[in-house]
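Student: Could you have a look at this structure, given as structure tokens, before my questions?
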Amino acid sequence: AHANGVHHKFVLVKNGTTIEAKYDRIEVTDGPKFKELELEIKKGTDLEGLRNLATILHQTARLEYIAIQKYARIIEGMEKYNSIAKANI
């Protein structure tokens with residue numbers, strides 16, 4: 001499978017805490033297409049601020065929380081992977 005992606009990275013700083021926001025748009029040939037926004041504290045300890053930012057983005061941009069890694073989502077969406085997985089059941 002072949003994947004195309006567009007990646008953007010933003011750095012947000014507030015009250016001594018640095019949050020890195022990564023936005024990825026992924027398109028897999030014959031597979032899934034999705035967008036991902038990942039937030040990560042790079043410096044500092046303001047976990048509450050990170051959660052508040054995530055909540056605001058969730059509510060205003062209608063984002064959903066997903067605990068599955070991007071690469072696992074790509075593999076699970078590939079037709080070839082699904083046919084192999086079903087054959088092994």
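Following the order of the structure tokens, first chain is A, next is B, and so on, with residues numbered from 1 inside each chain and ligands from 1 in the order they appear.
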Can you check which residues of chain A DSSP gives as alpha helix (DSSP H) on the backbone and send them as a PyMOL selection string?
Tutor: chain A and resi 47-60+70-77+79-87
Student: So that I have them on file, write out the residues from the current selection with N, CA, C and O atoms, as a CSV table (one decimal), in the first residue's frame.
Tutor:
chain,number,residue,atom,x,y,z
A,47,LEU,N,-0.9,19.9,32.5
A,47,LEU,CA,-1.8,18.9,32.0
A,47,LEU,C,-3.3,19.3,31.9
A,47,LEU,O,-4.0,19.0,30.9
A,48,GLU,N,-3.7,20.1,32.9
A,48,GLU,CA,-5.0,20.7,32.9
A,48,GLU,C,-5.2,21.6,31.6
A,48,GLU,O,-6.3,21.5,31.0
A,49,GLY,N,-4.2,22.4,31.3
A,49,GLY,CA,-4.3,23.3,30.1
A,49,GLY,C,-4.4,22.4,28.8
A,49,GLY,O,-5.2,22.8,27.9
A,50,LEU,N,-3.7,21.3,28.8
A,50,LEU,CA,-3.7,20.5,27.6
A,50,LEU,C,-5.1,19.9,27.5
A,50,LEU,O,-5.7,19.8,26.4
A,51,ARG,N,-5.7,19.4,28.6
A,51,ARG,CA,-7.0,18.8,28.6
A,51,ARG,C,-8.1,19.9,28.2
A,51,ARG,O,-9.0,19.6,27.5
A,52,ASN,N,-7.9,21.1,28.7
A,52,ASN,CA,-8.8,22.2,28.3
A,52,ASN,C,-8.8,22.5,26.8
A,52,ASN,O,-9.8,22.6,26.2
A,53,LEU,N,-7.6,22.5,26.3
A,53,LEU,CA,-7.4,22.7,24.8
A,53,LEU,C,-8.1,21.6,24.1
A,53,LEU,O,-8.8,21.8,23.1
A,54,ALA,N,-7.8,20.4,24.5
A,54,ALA,CA,-8.4,19.2,23.8
A,54,ALA,C,-9.9,19.3,23.9
A,54,ALA,O,-10.6,19.0,22.9
A,55,THR,N,-10.5,19.7,25.0
A,55,THR,CA,-11.9,19.8,25.1
A,55,THR,C,-12.5,20.8,24.2
A,55,THR,O,-13.5,20.6,23.6
A,56,ILE,N,-11.9,22.0,24.2
A,56,ILE,CA,-12.3,23.1,23.3
A,56,ILE,C,-12.3,22.6,21.8
A,56,ILE,O,-13.3,22.9,21.1
A,57,LEU,N,-11.2,22.0,21.4
A,57,LEU,CA,-11.1,21.5,20.0
A,57,LEU,C,-12.2,20.5,19.8
A,57,LEU,O,-12.8,20.4,18.7
A,58,HIS,N,-12.4,19.6,20.7
A,58,HIS,CA,-13.4,18.5,20.6
A,58,HIS,C,-14.8,19.1,20.4
A,58,HIS,O,-15.6,18.7,19.5
A,59,GLN,N,-15.1,20.1,21.2
A,59,GLN,CA,-16.4,20.7,21.1
A,59,GLN,C,-16.6,21.7,19.9
A,59,GLN,O,-17.7,21.6,19.3
A,60,THR,N,-15.6,22.5,19.6
A,60,THR,CA,-15.8,23.4,18.5
A,60,THR,C,-15.5,22.9,17.1
A,60,THR,O,-16.2,23.3,16.1
A,70,LYS,N,-2.1,6.0,14.7
A,70,LYS,CA,-2.3,6.3,13.2
A,70,LYS,C,-1.9,5.1,12.3
A,70,LYS,O,-2.7,4.8,11.5
A,71,TYR,N,-0.8,4.5,12.6
A,71,TYR,CA,-0.4,3.4,11.7
A,71,TYR,C,-1.2,2.2,11.8
A,71,TYR,O,-1.5,1.5,10.9
A,72,ALA,N,-1.8,1.9,13.0
A,72,ALA,CA,-2.7,0.8,13.2
A,72,ALA,C,-4.0,1.1,12.5
A,72,ALA,O,-4.6,0.2,11.9
A,73,ARG,N,-4.4,2.4,12.5
A,73,ARG,CA,-5.7,2.7,11.7
A,73,ARG,C,-5.4,2.5,10.2
A,73,ARG,O,-6.3,2.1,9.5
A,74,ILE,N,-4.3,2.9,9.7
A,74,ILE,CA,-4.0,2.7,8.3
A,74,ILE,C,-4.0,1.2,7.9
A,74,ILE,O,-4.7,0.8,7.0
A,75,ILE,N,-3.3,0.4,8.7
A,75,ILE,CA,-3.3,-1.0,8.4
A,75,ILE,C,-4.7,-1.7,8.5
A,75,ILE,O,-5.0,-2.5,7.6
A,76,GLU,N,-5.4,-1.3,9.5
A,76,GLU,CA,-6.8,-1.9,9.7
A,76,GLU,C,-7.7,-1.5,8.5
A,76,GLU,O,-8.6,-2.2,8.2
A,77,GLY,N,-7.4,-0.4,7.9
A,77,GLY,CA,-8.3,0.1,6.8
A,77,GLY,C,-7.9,-0.5,5.5
A,77,GLY,O,-8.6,-0.3,4.5
A,79,GLU,N,-7.6,-3.0,2.5
A,79,GLU,CA,-8.4,-4.2,2.1
A,79,GLU,C,-7.6,-5.5,2.2
A,79,GLU,O,-8.1,-6.5,2.6
A,80,LYS,N,-6.3,-5.4,1.8
A,80,LYS,CA,-5.4,-6.6,1.8
A,80,LYS,C,-5.3,-7.2,3.2
A,80,LYS,O,-5.4,-8.3,3.5
A,81,TYR,N,-5.1,-6.3,4.2
A,81,TYR,CA,-5.0,-6.7,5.6
A,81,TYR,C,-6.3,-7.3,6.1
A,81,TYR,O,-6.3,-8.3,6.7
A,82,ASN,N,-7.4,-6.7,5.7
A,82,ASN,CA,-8.7,-7.2,6.2
A,82,ASN,C,-9.0,-8.6,5.6
A,82,ASN,O,-9.5,-9.5,6.3
A,83,SER,N,-8.6,-8.9,4.4
A,83,SER,CA,-8.9,-10.2,3.8
A,83,SER,C,-8.0,-11.3,4.4
A,83,SER,O,-8.4,-12.4,4.7
A,84,ILE,N,-6.8,-10.9,4.8
A,84,ILE,CA,-5.9,-11.8,5.4
A,84,ILE,C,-6.3,-12.1,6.9
A,84,ILE,O,-6.4,-13.2,7.3
A,85,ALA,N,-6.8,-11.1,7.6
A,85,ALA,CA,-7.2,-11.2,8.9
A,85,ALA,C,-8.5,-12.1,9.0
A,85,ALA,O,-8.6,-13.0,9.8
A,86,LYS,N,-9.4,-11.9,8.0
A,86,LYS,CA,-10.6,-12.7,8.0
A,86,LYS,C,-10.3,-14.2,7.7
A,86,LYS,O,-11.0,-15.1,8.2
A,87,ALA,N,-9.3,-14.4,6.8
A,87,ALA,CA,-9.0,-15.8,6.4
A,87,ALA,C,-8.4,-16.5,7.6
A,87,ALA,O,-8.5,-17.8,7.7
Student: Could you please write out, as a VMD selection string, every residue of chain A that DSSP assigns to strand (DSSP E)?
Tutor: chain A and resid 3 to 14 17 to 28 33 to 43
Student: Kindly give the distance, in Å, that separates atom CA of A:Asn4 and atom CA of A:Phe34, rounded to a single decimal.
Tutor: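 Here the two named atoms are 11.0 Å from each other.
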Student: With distances taken over only C-alpha atoms, which residue among A:Lys43, A:Lys33, A:Arg62, A:His8 lies nearest A:Ala21?
Tutor: A:His8
Student: To one decimal place in Å, what is the distance between atom CA of A:Lys35 and atom CA of A:Val13?
Tutor: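 Rounded to one decimal, the two atoms are 23.6 Å apart.
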Student: So which one's closest to A:Ala3, A:Val28, A:Leu63, A:Leu39, A:Ile68? Using only C-alpha atoms, please.
Tutor: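 When distances to A:Ala3 are compared using only C-alpha atoms, the smallest one comes from A:Val28.
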Student: Name all residues at most 8 Å from A:Thr18 (count only C-alpha atoms; drop same-chain ones fewer than 2 positions away) and give them as an MDAnalysis selection string.
Tutor: chainID A and resid 11:14 16 20 41:44
Student: For each of A:Ala61, A:Gln69, A:Lys9, A:Asp46, take the minimum atom-to-atom distance to A:Asp24, counting only C-alpha atoms, then give the residue where this is smallest.
Tutor: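 Using only C-alpha atoms, the shortest distance to A:Asp24 belongs to A:Lys9.
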